[in-house]
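Okay, target-v6.cif now, which holds mmCIF, C-alpha atoms and all ligand atoms:
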```cif
data_run
loop_
_atom_site.label_atom_id
_atom_site.label_comp_id
_atom_site.auth_asym_id
_atom_site.auth_seq_id
_atom_site.Cartn_x
_atom_site.Cartn_y
_atom_site.Cartn_z
CA MET A 1 -44.31 26.28 -4.22
CA GLU A 2 -43.54 24.16 -1.15
CA TYR A 3 -39.83 23.84 -0.42
CA GLU A 4 -38.33 20.52 0.66
CA ASN A 5 -34.65 21.10 -0.06
CA ILE A 6 -34.14 24.73 0.90
CA LEU A 7 -35.05 27.10 3.74
CA VAL A 8 -36.13 30.66 3.00
CA SER A 9 -36.26 33.65 5.33
CA ASP A 10 -36.55 37.38 4.73
CA ARG A 11 -34.71 40.10 6.65
CA GLU A 12 -36.10 43.41 5.39
CA LYS A 13 -34.83 43.73 1.80
CA VAL A 14 -32.64 40.61 1.90
CA ARG A 15 -33.86 37.07 1.21
CA ILE A 16 -31.73 34.28 2.72
CA VAL A 17 -31.90 30.99 0.82
CA THR A 18 -30.28 28.04 2.63
CA LEU A 19 -29.51 24.80 0.79
CA ASN A 20 -30.69 22.17 3.20
CA ARG A 21 -30.68 18.73 1.62
CA LYS A 22 -30.84 15.62 3.79
CA SER A 23 -27.41 14.58 2.50
CA PRO A 24 -24.85 16.73 4.41
CA LEU A 25 -22.87 17.92 1.36
CA ASN A 26 -25.97 19.39 -0.31
CA PRO A 27 -25.83 17.56 -3.66
CA LEU A 28 -27.99 19.40 -6.20
CA ASP A 29 -30.81 17.60 -7.93
CA MET A 30 -33.21 19.34 -10.31
CA ASP A 31 -35.93 19.70 -7.64
CA THR A 32 -33.50 21.63 -5.43
CA LEU A 33 -32.45 23.88 -8.30
CA ARG A 34 -36.11 24.52 -9.20
CA GLU A 35 -36.80 25.49 -5.60
CA ILE A 36 -33.85 27.92 -5.61
CA LYS A 37 -35.11 29.52 -8.82
CA ASP A 38 -38.62 29.85 -7.40
CA ALA A 39 -37.33 31.39 -4.15
CA VAL A 40 -35.26 33.93 -6.09
CA LEU A 41 -37.92 34.89 -8.64
CA ASN A 42 -40.63 35.23 -5.95
CA SER A 43 -38.53 37.27 -3.53
CA GLU A 44 -40.20 40.61 -4.36
CA ASN A 45 -36.93 42.00 -5.66
CA ARG A 46 -34.92 41.41 -2.55
CA VAL A 47 -31.13 41.00 -2.60
CA ILE A 48 -30.47 37.25 -2.37
CA LEU A 49 -28.00 35.59 -0.01
CA LEU A 50 -27.48 31.93 -0.89
CA HIS A 51 -25.59 29.56 1.42
CA GLY A 52 -25.45 25.92 2.51
CA ALA A 53 -26.45 24.29 5.77
CA ASN A 54 -24.38 21.42 7.21
CA ARG A 55 -20.90 20.58 5.88
CA ALA A 56 -20.91 22.35 2.53
CA PHE A 57 -22.25 24.97 0.19
CA SER A 58 -22.65 22.07 -2.27
CA ALA A 59 -20.48 19.14 -3.47
CA GLY A 60 -22.13 19.35 -6.89
CA ALA A 61 -24.87 17.88 -9.00
CA ASP A 62 -26.33 14.73 -7.45
CA ILE A 63 -24.15 11.98 -8.93
CA ASN A 64 -26.75 9.35 -8.02
CA ASN A 65 -28.86 10.63 -10.92
CA PHE A 66 -26.09 10.37 -13.50
CA MET A 67 -26.39 6.61 -14.10
CA LYS A 68 -29.94 7.19 -15.39
CA LEU A 69 -29.07 9.88 -17.93
CA THR A 70 -28.53 9.11 -21.63
CA ASN A 71 -27.08 11.47 -24.19
CA ASP A 72 -30.61 12.67 -25.04
CA THR A 73 -31.81 13.19 -21.48
CA ALA A 74 -28.46 14.67 -20.35
CA GLY A 75 -28.90 17.50 -22.88
CA ILE A 76 -32.40 18.22 -21.52
CA PHE A 77 -31.02 18.08 -17.95
CA ALA A 78 -28.23 20.55 -18.83
CA LYS A 79 -30.68 22.86 -20.63
CA GLU A 80 -32.90 23.09 -17.54
CA GLY A 81 -29.82 23.61 -15.34
CA HIS A 82 -28.75 26.47 -17.64
CA ASP A 83 -32.19 28.07 -17.50
CA ILE A 84 -32.06 28.03 -13.70
CA MET A 85 -28.50 29.45 -13.56
CA ASN A 86 -29.49 32.12 -16.10
CA ALA A 87 -32.48 33.06 -13.95
CA LEU A 88 -30.00 33.92 -11.15
CA SER A 89 -27.53 35.73 -13.37
CA SER A 90 -30.30 37.80 -15.00
CA TYR A 91 -32.29 38.43 -11.79
CA PRO A 92 -32.31 42.23 -11.48
CA ARG A 93 -30.96 42.41 -7.92
CA PRO A 94 -27.59 41.14 -6.63
CA VAL A 95 -27.27 37.47 -5.71
CA ILE A 96 -24.54 36.72 -3.15
CA ALA A 97 -23.10 33.26 -2.47
CA ALA A 98 -21.73 32.68 1.06
CA ILE A 99 -19.61 29.57 0.68
CA HIS A 100 -18.05 27.04 3.06
CA GLY A 101 -16.91 23.41 3.09
CA TYR A 102 -17.12 22.18 -0.49
CA CYS A 103 -18.03 24.15 -3.59
CA LEU A 104 -17.62 21.60 -6.36
CA GLY A 105 -19.09 20.81 -9.76
CA GLY A 106 -22.69 22.01 -10.09
CA GLY A 107 -22.36 23.68 -6.66
CA PHE A 108 -19.48 25.76 -8.00
CA GLU A 109 -21.46 26.49 -11.17
CA LEU A 110 -24.30 27.73 -8.96
CA ALA A 111 -21.84 30.01 -7.14
CA LEU A 112 -20.47 31.21 -10.49
CA ALA A 113 -24.02 32.21 -11.54
CA CYS A 114 -24.13 34.50 -8.48
CA ASP A 115 -22.80 38.08 -8.63
CA ILE A 116 -20.67 38.05 -5.49
CA ARG A 117 -18.86 35.19 -3.74
CA VAL A 118 -17.64 35.31 -0.13
CA ALA A 119 -15.97 32.17 1.24
CA HIS A 120 -14.63 30.62 4.42
CA PRO A 121 -10.85 29.99 4.13
CA ASP A 122 -11.28 26.19 4.45
CA THR A 123 -13.54 25.92 1.41
CA THR A 124 -12.51 23.53 -1.37
CA PHE A 125 -13.37 24.64 -4.91
CA GLY A 126 -13.23 22.85 -8.24
CA LEU A 127 -14.95 21.53 -11.34
CA PRO A 128 -14.02 17.81 -11.03
CA GLU A 129 -16.48 16.54 -13.68
CA VAL A 130 -13.68 15.31 -15.97
CA ASN A 131 -12.87 12.69 -13.32
CA LEU A 132 -16.40 11.30 -13.73
CA GLY A 133 -15.95 11.08 -17.51
CA ILE A 134 -18.27 14.08 -18.08
CA LEU A 135 -17.91 17.88 -18.17
CA PRO A 136 -19.45 20.92 -16.43
CA GLY A 137 -22.98 21.34 -17.85
CA PHE A 138 -24.54 24.23 -15.91
CA GLY A 139 -22.56 27.06 -17.55
CA GLY A 140 -19.27 26.41 -15.73
CA THR A 141 -17.02 26.19 -18.79
CA GLN A 142 -18.15 29.66 -19.89
CA ARG A 143 -18.54 31.45 -16.58
CA LEU A 144 -15.18 30.24 -15.25
CA ARG A 145 -13.47 31.25 -18.51
CA HIS A 146 -15.03 34.72 -18.38
CA ILE A 147 -13.83 35.27 -14.84
CA VAL A 148 -10.33 33.73 -14.86
CA GLY A 149 -9.44 33.69 -18.58
CA GLU A 150 -8.96 30.90 -21.09
CA THR A 151 -5.53 29.59 -19.99
CA LEU A 152 -6.37 29.13 -16.36
CA ALA A 153 -9.92 27.88 -17.05
CA PHE A 154 -8.66 25.16 -19.38
CA GLY A 155 -6.03 24.07 -16.85
CA LEU A 156 -8.54 23.91 -14.00
CA ILE A 157 -11.37 22.18 -15.91
CA SER A 158 -9.21 19.69 -17.81
CA THR A 159 -7.45 18.46 -14.65
CA GLY A 160 -10.48 18.73 -12.34
CA LYS A 161 -8.10 20.35 -9.84
CA ARG A 162 -9.39 21.18 -6.36
CA TYR A 163 -8.11 24.28 -4.59
CA LYS A 164 -8.67 26.27 -1.45
CA ALA A 165 -10.24 29.72 -1.00
CA SER A 166 -6.88 31.55 -0.89
CA GLU A 167 -6.05 30.22 -4.38
CA ALA A 168 -9.59 30.93 -5.64
CA PHE A 169 -9.17 34.50 -4.39
CA THR A 170 -5.94 34.97 -6.35
CA TYR A 171 -7.76 33.73 -9.49
CA GLY A 172 -10.35 36.50 -9.03
CA LEU A 173 -13.13 34.06 -8.17
CA LEU A 174 -13.92 35.50 -4.75
CA ASN A 175 -14.78 38.98 -3.49
CA GLU A 176 -13.70 38.15 0.06
CA VAL A 177 -12.34 35.32 2.19
CA SER A 178 -13.24 35.37 5.87
CA GLU A 179 -13.71 33.06 8.85
CA ASN A 180 -16.95 35.05 9.34
CA TYR A 181 -18.01 34.49 5.73
CA LEU A 182 -21.75 34.45 6.50
CA GLU A 183 -21.68 37.68 8.52
CA VAL A 184 -19.56 39.38 5.87
CA ALA A 185 -21.97 38.25 3.14
CA MET A 186 -25.00 39.40 5.16
CA LYS A 187 -23.46 42.83 5.75
CA LEU A 188 -22.77 43.16 2.04
CA ALA A 189 -26.33 42.07 1.19
CA GLU A 190 -27.72 44.72 3.55
CA GLU A 191 -25.44 47.37 2.06
CA LEU A 192 -26.48 46.47 -1.50
CA SER A 193 -30.16 46.39 -0.55
CA LYS A 194 -29.92 50.13 0.17
CA LYS A 195 -28.39 51.07 -3.21
CA PRO A 196 -30.52 52.54 -6.03
CA LYS A 197 -32.45 49.65 -7.57
CA GLU A 198 -32.38 50.66 -11.24
CA SER A 199 -28.68 51.57 -11.21
CA LEU A 200 -27.85 48.18 -9.73
CA ARG A 201 -30.08 46.40 -12.25
CA LEU A 202 -28.31 48.09 -15.18
CA ILE A 203 -24.82 47.65 -13.69
CA LYS A 204 -25.52 43.94 -13.27
CA HIS A 205 -26.84 43.66 -16.84
CA LEU A 206 -23.77 45.41 -18.27
CA VAL A 207 -21.18 43.58 -16.19
CA ARG A 208 -22.68 40.09 -16.37
CA ASN A 209 -23.70 39.78 -20.02
CA ALA A 210 -20.96 38.03 -21.96
CA PRO A 211 -20.99 38.92 -25.67
CA ASP A 212 -19.44 35.66 -26.90
CA ASP A 213 -21.07 32.99 -24.84
CA MET A 214 -21.06 29.35 -25.91
CA PHE A 215 -23.81 28.20 -23.57
CA GLU A 216 -25.73 26.34 -26.31
CA GLU A 217 -22.62 24.39 -27.25
CA GLU A 218 -21.99 23.48 -23.63
CA ILE A 219 -25.52 22.04 -23.39
CA ASP A 220 -24.92 19.94 -26.54
CA ALA A 221 -21.52 18.78 -25.29
CA PHE A 222 -22.97 17.74 -21.93
CA GLY A 223 -25.50 15.56 -23.80
CA GLU A 224 -22.83 14.15 -26.09
CA VAL A 225 -20.50 13.06 -23.29
CA PHE A 226 -23.23 10.83 -21.87
CA ALA A 227 -23.04 8.70 -25.03
CA TYR A 228 -19.49 7.56 -24.19
CA PRO A 229 -18.56 4.56 -22.01
CA ASP A 230 -16.07 6.54 -19.88
CA ARG A 231 -18.98 8.43 -18.34
CA GLU A 232 -20.51 5.17 -17.11
CA GLU A 233 -17.14 4.08 -15.72
CA GLY A 234 -16.48 7.47 -14.04
CA VAL A 235 -19.86 7.72 -12.34
CA LYS A 236 -19.88 4.02 -11.35
CA ALA A 237 -16.39 4.33 -9.85
CA PHE A 238 -17.50 7.25 -7.67
CA LEU A 239 -20.59 5.39 -6.47
CA GLU A 240 -18.49 2.26 -5.78
CA LYS A 241 -15.86 4.40 -3.97
CA ARG A 242 -12.96 3.33 -6.21
CA GLU A 243 -10.66 4.99 -8.74
CA ALA A 244 -12.01 5.20 -12.31
CA ASN A 245 -10.33 3.19 -15.01
CA PHE A 246 -10.94 5.17 -18.21
CA GLN A 247 -10.59 3.56 -21.65
CA ASP A 248 -7.99 5.85 -23.13
N1 LIG B 301 -23.66 13.67 -5.42
C1 LIG B 301 -24.23 12.75 -4.63
N2 LIG B 301 -23.73 12.38 -3.45
C2 LIG B 301 -22.59 12.98 -3.07
C3 LIG B 301 -21.93 13.93 -3.83
C4 LIG B 301 -22.53 14.30 -5.06
N3 LIG B 301 -22.00 15.24 -5.85
N4 LIG B 301 -20.81 14.32 -3.18
C5 LIG B 301 -20.79 13.62 -2.04
N5 LIG B 301 -21.86 12.81 -1.96
C6 LIG B 301 -22.23 11.89 -0.89
C7 LIG B 301 -21.28 10.71 -0.81
O1 LIG B 301 -21.64 9.71 -1.75
C8 LIG B 301 -21.48 10.28 0.63
O2 LIG B 301 -22.69 9.56 0.72
P1 LIG B 301 -22.81 8.31 1.73
O3 LIG B 301 -22.58 8.91 3.10
O4 LIG B 301 -24.20 7.85 1.51
O5 LIG B 301 -21.72 7.33 1.33
C9 LIG B 301 -21.70 11.60 1.37
O6 LIG B 301 -22.08 12.56 0.36
C10 LIG B 301 -20.45 12.13 2.04
O7 LIG B 301 -19.40 12.10 1.07
P2 LIG B 301 -17.98 11.44 1.35
O8 LIG B 301 -17.32 11.23 0.03
O9 LIG B 301 -18.12 10.26 2.26
O10 LIG B 301 -17.31 12.64 2.18
P3 LIG B 301 -15.81 13.07 2.20
O11 LIG B 301 -15.72 14.16 3.21
O12 LIG B 301 -14.90 11.89 2.35
O13 LIG B 301 -15.51 13.68 0.73
C11 LIG B 301 -15.94 15.04 -1.19
C12 LIG B 301 -16.17 14.83 0.31
C13 LIG B 301 -16.76 16.27 -1.58
C14 LIG B 301 -14.46 15.29 -1.46
C15 LIG B 301 -16.41 13.78 -1.97
O14 LIG B 301 -17.71 13.42 -1.52
C16 LIG B 301 -16.50 13.99 -3.46
O15 LIG B 301 -15.50 13.96 -4.16
N6 LIG B 301 -17.73 14.21 -3.99
C17 LIG B 301 -17.97 14.31 -5.41
C18 LIG B 301 -17.63 15.70 -5.89
C19 LIG B 301 -17.90 15.80 -7.38
O16 LIG B 301 -17.36 15.10 -8.20
N7 LIG B 301 -18.77 16.77 -7.71
C20 LIG B 301 -19.13 17.03 -9.07
C21 LIG B 301 -20.38 16.34 -9.43
S1 LIG B 301 -20.87 16.80 -11.06
#
```
Go through the file and emit its structure as structure tokens.
Ligand code: COA
Amino acid sequence: MEYENILVSDREKVRIVTLNRKSPLNPLDMDTLREIKDAVLNSENRVILLHGANRAFSAGADINNFMKLTNDTAGIFAKEGHDIMNALSSYPRPVIAAIHGYCLGGGFELALACDIRVAHPDTTFGLPEVNLGILPGFGGTQRLRHIVGETLAFGLISTGKRYKASEAFTYGLLNEVSENYLEVAMKLAEELSKKPKESLRLIKHLVRNAPDDMFEEEIDAFGEVFAYPDREEGVKAFLEKREANFQD
């Protein structure tokens, strides 16, 4: 597969995947996510280090595409997004996210599908979908809840709150916060690439598999929310650079 939205380089047993969209905040469209999946699955079992070029890890799913989605096509979109995120979370080797700038919406969901997250202190995190009249549709409702617990996850997702790396660290969302986030992540990737392969595969399987996941329901809910007028208002308001005026 030819890559247009990512850069890929291999350093011994580590594959570095760089999000490199033309837009500086690396919005994620499906082509980009497909490229990430392909680069991970065809990495010959290397440890993966995923990071963003330019100003951000990623400011989320590409909002420009949201005006075109209906409640039928939004469900299909979410299902493919889930399949891609699941490919990362079930990939047998560790996947490390090195995060800076913005890590929002689908970008944050991508980071949540990774096994380890290292961030620069200035990074802004959040799942702000509610402010667009939609909800997280790439596994974020479930993965955030599994990591931080139900109380905190509901508070964060229902308000769309944004927060910095120090707060994300206290929630248990980050393994490390460092000005040298990329170096730290690379060192960790190299360390993990030397560990016994089958032990790591089984540890990942045991730690990452949630027994009570609601992924299917999240896919249905993401489709459903696109049937409501507040979604159109939320997305339009963002594109028109104004505050959304929701119905009720
Ligand atoms: N999808 C598509 N484009 C996006 C985007 C997204 N998720 N996030 C940012 N952009 C675009 C902006 O539209 C803008 O494009 P333009 O230069 O053509 O006008 C460009 O990236 C820079 O964004 P801008 O808002 O001007 O930068 P900023 O530094 O003032 O603010 C953010 C940065 C991240 C706070 C702001 O862009 C934002 O809130 N983005 C949306 C985040 C979001 O809701 N993500 C969840 C999506 S499901």
Which residues of stretch 99-164 of chain A sit at most 6 Å from stretch 52-61 of chain A, using all atoms listed in the file? Give each one's shortest atom pair and distance in Å (one decimal place), in chain and ascending residue order, as JSON lines.
```
{"residue": "A:Ile99", "atom": "CA", "partner": "A:Phe57", "partner_atom": "CA", "distance": 5.3}
{"residue": "A:His100", "atom": "CA", "partner": "A:Phe57", "partner_atom": "CA", "distance": 5.5}
{"residue": "A:Gly101", "atom": "CA", "partner": "A:Ala56", "partner_atom": "CA", "distance": 4.2}
{"residue": "A:Tyr102", "atom": "CA", "partner": "A:Ala56", "partner_atom": "CA", "distance": 4.8}
{"residue": "A:Cys103", "atom": "CA", "partner": "A:Ser58", "partner_atom": "CA", "distance": 5.2}
{"residue": "A:Leu104", "atom": "CA", "partner": "A:Ala59", "partner_atom": "CA", "distance": 4.8}
{"residue": "A:Gly105", "atom": "CA", "partner": "A:Gly60", "partner_atom": "CA", "distance": 4.4}
{"residue": "A:Gly106", "atom": "CA", "partner": "A:Gly60", "partner_atom": "CA", "distance": 4.2}
{"residue": "A:Gly107", "atom": "CA", "partner": "A:Gly60", "partner_atom": "CA", "distance": 4.3}
```
What would the file look like if the residues just selected were written as a PDB file, in the frame of the given file with C-alpha atoms?
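Below is the file result.pdb, written as the result:
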```pdb
ATOM      1  CA  ILE A  99     -19.610  29.570   0.680  1.00  0.00           C
ATOM      2  CA  HIS A 100     -18.050  27.040   3.060  1.00  0.00           C
ATOM      3  CA  GLY A 101     -16.910  23.410   3.090  1.00  0.00           C
ATOM      4  CA  TYR A 102     -17.120  22.180  -0.490  1.00  0.00           C
ATOM      5  CA  CYS A 103     -18.030  24.150  -3.590  1.00  0.00           C
ATOM      6  CA  LEU A 104     -17.620  21.600  -6.360  1.00  0.00           C
ATOM      7  CA  GLY A 105     -19.090  20.810  -9.760  1.00  0.00           C
ATOM      8  CA  GLY A 106     -22.690  22.010 -10.090  1.00  0.00           C
ATOM      9  CA  GLY A 107     -22.360  23.680  -6.660  1.00  0.00           C
TER      10      GLY A 107
END
```
Could you give me, as a ChimeraX atom specification, the residues within 7 Å of A:Asp62, counting all atoms listed in the file and dropping anything in the same chain fewer than 3 positions from it?
/A:27-29,65
For the atom pair atom CA of A:Lys195 and atom CA of A:Ala111, what is the interatomic distance in Å to one decimal place?
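Distance reported for this atom pair: 22.4 Å.
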Around all the atoms of ligand LIG 301 (chain B) listed in the file, draw an axis-aligned box and extend it by 5 Å on each of the six sides; I want its centre and edge lengths in Å to one decimal, as JSON.
```
{"center_x": -19.3, "center_y": 12.2, "center_z": -3.9, "size_x": 19.8, "size_y": 19.7, "size_z": 24.3}
```
Choose the residue, out of A:Thr73, A:Thr123, A:Thr151, A:Ser193, that has the smallest atom-to-atom separation from ligand LIG 301 (chain B); count all atoms listed in the file.
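For ligand LIG 301 (chain B), the nearest of the given residues is A:Thr123.
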Using all atoms listed in the file, which protein or nucleic acid residues come within 12 Å of stretch 197-211 of chain A? Drop anything in the same chain fewer than 5 positions from it, and give the result as a list in words.
Lys13, Asn45, Arg46, Val47, Asn86, Leu88, Ser89, Ser90, Tyr91, Pro92, Arg93, Pro94, Val95, Leu112, Ala113, Cys114, Asp115, Ile116, Gly139, Gln142, Arg143, Leu144, Arg145, His146, Ile147 and Leu192 of chain A
Please write as JSON, numbers by chain the list of polymer residues whose atoms come within 10 Å of (-27.7, 15.9, -23.9), counting all atoms listed in the file and keeping to the coordinates of the file.
{"A": [69, 70, 71, 72, 73, 74, 75, 76, 77, 78, 79, 137, 218, 219, 220, 221, 222, 223, 224, 225, 226, 227]}
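Rounded to one decimal, atom CA of A:Ile84 and atom CA of A:Asn26 lie 17.1 Å from each other.
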Kindly add all heavy atoms to the incomplete stretch 231-242 of chain A and provide the output as an mmCIF file, in the coordinates of the input.
```cif
data_model
loop_
_atom_site.group_PDB
_atom_site.id
_atom_site.type_symbol
_atom_site.label_atom_id
_atom_site.label_comp_id
_atom_site.auth_asym_id
_atom_site.auth_seq_id
_atom_site.Cartn_x
_atom_site.Cartn_y
_atom_site.Cartn_z
ATOM 1 N N ARG A 231 -18.061 7.795 -19.291
ATOM 2 C CA ARG A 231 -18.980 8.430 -18.340
ATOM 3 C C ARG A 231 -19.550 7.371 -17.383
ATOM 4 O O ARG A 231 -19.568 7.554 -16.170
ATOM 5 C CB ARG A 231 -20.102 9.129 -19.108
ATOM 6 C CG ARG A 231 -21.103 9.858 -18.245
ATOM 7 C CD ARG A 231 -22.244 9.053 -17.717
ATOM 8 N NE ARG A 231 -22.870 8.227 -18.723
ATOM 9 C CZ ARG A 231 -23.938 7.481 -18.504
ATOM 10 N NH1 ARG A 231 -24.474 7.439 -17.300
ATOM 11 N NH2 ARG A 231 -24.438 6.747 -19.457
ATOM 12 N N GLU A 232 -19.948 6.224 -17.956
ATOM 13 C CA GLU A 232 -20.510 5.170 -17.110
ATOM 14 C C GLU A 232 -19.470 4.697 -16.104
ATOM 15 O O GLU A 232 -19.749 4.541 -14.913
ATOM 16 C CB GLU A 232 -20.980 4.007 -17.981
ATOM 17 C CG GLU A 232 -21.827 3.048 -17.191
ATOM 18 C CD GLU A 232 -22.515 2.017 -18.070
ATOM 19 O OE1 GLU A 232 -22.580 2.220 -19.294
ATOM 20 O OE2 GLU A 232 -22.950 1.004 -17.513
ATOM 21 N N GLU A 233 -18.228 4.526 -16.589
ATOM 22 C CA GLU A 233 -17.140 4.080 -15.720
ATOM 23 C C GLU A 233 -16.870 5.122 -14.624
ATOM 24 O O GLU A 233 -16.735 4.783 -13.450
ATOM 25 C CB GLU A 233 -15.883 3.800 -16.560
ATOM 26 C CG GLU A 233 -14.582 3.632 -15.781
ATOM 27 C CD GLU A 233 -14.603 2.503 -14.758
ATOM 28 O OE1 GLU A 233 -15.549 1.696 -14.752
ATOM 29 O OE2 GLU A 233 -13.665 2.458 -13.927
ATOM 30 N N GLY A 234 -16.801 6.402 -15.002
ATOM 31 C CA GLY A 234 -16.480 7.470 -14.040
ATOM 32 C C GLY A 234 -17.515 7.572 -12.940
ATOM 33 O O GLY A 234 -17.181 7.661 -11.754
ATOM 34 N N VAL A 235 -18.782 7.568 -13.322
ATOM 35 C CA VAL A 235 -19.860 7.720 -12.340
ATOM 36 C C VAL A 235 -19.938 6.471 -11.458
ATOM 37 O O VAL A 235 -20.048 6.559 -10.234
ATOM 38 C CB VAL A 235 -21.206 7.987 -13.063
ATOM 39 C CG1 VAL A 235 -22.360 7.928 -12.094
ATOM 40 C CG2 VAL A 235 -21.163 9.346 -13.759
ATOM 41 N N LYS A 236 -19.822 5.284 -12.102
ATOM 42 C CA LYS A 236 -19.880 4.020 -11.350
ATOM 43 C C LYS A 236 -18.746 3.954 -10.324
ATOM 44 O O LYS A 236 -18.942 3.554 -9.179
ATOM 45 C CB LYS A 236 -19.703 2.849 -12.332
ATOM 46 C CG LYS A 236 -20.872 1.889 -12.320
ATOM 47 C CD LYS A 236 -20.698 0.918 -13.428
ATOM 48 C CE LYS A 236 -21.021 -0.484 -12.954
ATOM 49 N NZ LYS A 236 -20.792 -1.472 -13.984
ATOM 50 N N ALA A 237 -17.544 4.380 -10.757
ATOM 51 C CA ALA A 237 -16.390 4.330 -9.850
ATOM 52 C C ALA A 237 -16.633 5.198 -8.627
ATOM 53 O O ALA A 237 -16.327 4.797 -7.503
ATOM 54 C CB ALA A 237 -15.133 4.787 -10.597
ATOM 55 N N PHE A 238 -17.214 6.397 -8.835
ATOM 56 C CA PHE A 238 -17.500 7.250 -7.670
ATOM 57 C C PHE A 238 -18.483 6.562 -6.739
ATOM 58 O O PHE A 238 -18.265 6.497 -5.531
ATOM 59 C CB PHE A 238 -18.070 8.609 -8.106
ATOM 60 C CG PHE A 238 -18.460 9.456 -6.907
ATOM 61 C CD1 PHE A 238 -17.505 10.146 -6.184
ATOM 62 C CD2 PHE A 238 -19.778 9.492 -6.461
ATOM 63 C CE1 PHE A 238 -17.850 10.877 -5.049
ATOM 64 C CE2 PHE A 238 -20.141 10.215 -5.323
ATOM 65 C CZ PHE A 238 -19.165 10.920 -4.630
ATOM 66 N N LEU A 239 -19.545 6.007 -7.309
ATOM 67 C CA LEU A 239 -20.590 5.390 -6.470
ATOM 68 C C LEU A 239 -20.046 4.151 -5.748
ATOM 69 O O LEU A 239 -20.469 3.817 -4.657
ATOM 70 C CB LEU A 239 -21.815 5.037 -7.318
ATOM 71 C CG LEU A 239 -22.534 6.254 -7.944
ATOM 72 C CD1 LEU A 239 -23.653 5.805 -8.877
ATOM 73 C CD2 LEU A 239 -23.085 7.194 -6.877
ATOM 74 N N GLU A 240 -19.074 3.457 -6.403
ATOM 75 C CA GLU A 240 -18.490 2.260 -5.780
ATOM 76 C C GLU A 240 -17.271 2.604 -4.930
ATOM 77 O O GLU A 240 -16.547 1.714 -4.484
ATOM 78 C CB GLU A 240 -18.116 1.249 -6.885
ATOM 79 C CG GLU A 240 -19.360 0.654 -7.550
ATOM 80 C CD GLU A 240 -19.039 -0.136 -8.831
ATOM 81 O OE1 GLU A 240 -17.844 -0.308 -9.169
ATOM 82 O OE2 GLU A 240 -19.997 -0.570 -9.493
ATOM 83 N N LYS A 241 -16.974 3.896 -4.785
ATOM 84 C CA LYS A 241 -15.860 4.400 -3.970
ATOM 85 C C LYS A 241 -14.526 3.793 -4.391
ATOM 86 O O LYS A 241 -13.774 3.248 -3.584
ATOM 87 C CB LYS A 241 -16.126 4.161 -2.471
ATOM 88 C CG LYS A 241 -17.401 4.864 -1.962
ATOM 89 C CD LYS A 241 -17.539 4.768 -0.460
ATOM 90 C CE LYS A 241 -18.901 5.269 0.038
ATOM 91 N NZ LYS A 241 -19.155 6.687 -0.126
ATOM 92 N N ARG A 242 -14.234 3.814 -5.687
ATOM 93 C CA ARG A 242 -12.960 3.330 -6.210
ATOM 94 C C ARG A 242 -12.479 4.299 -7.289
ATOM 95 O O ARG A 242 -13.235 5.179 -7.741
ATOM 96 C CB ARG A 242 -13.104 1.914 -6.793
ATOM 97 C CG ARG A 242 -14.063 1.831 -7.962
ATOM 98 C CD ARG A 242 -14.059 0.457 -8.635
ATOM 99 N NE ARG A 242 -15.119 0.376 -9.623
ATOM 100 C CZ ARG A 242 -15.045 0.845 -10.876
ATOM 101 N NH1 ARG A 242 -13.945 1.429 -11.302
ATOM 102 N NH2 ARG A 242 -16.067 0.735 -11.723
#
```
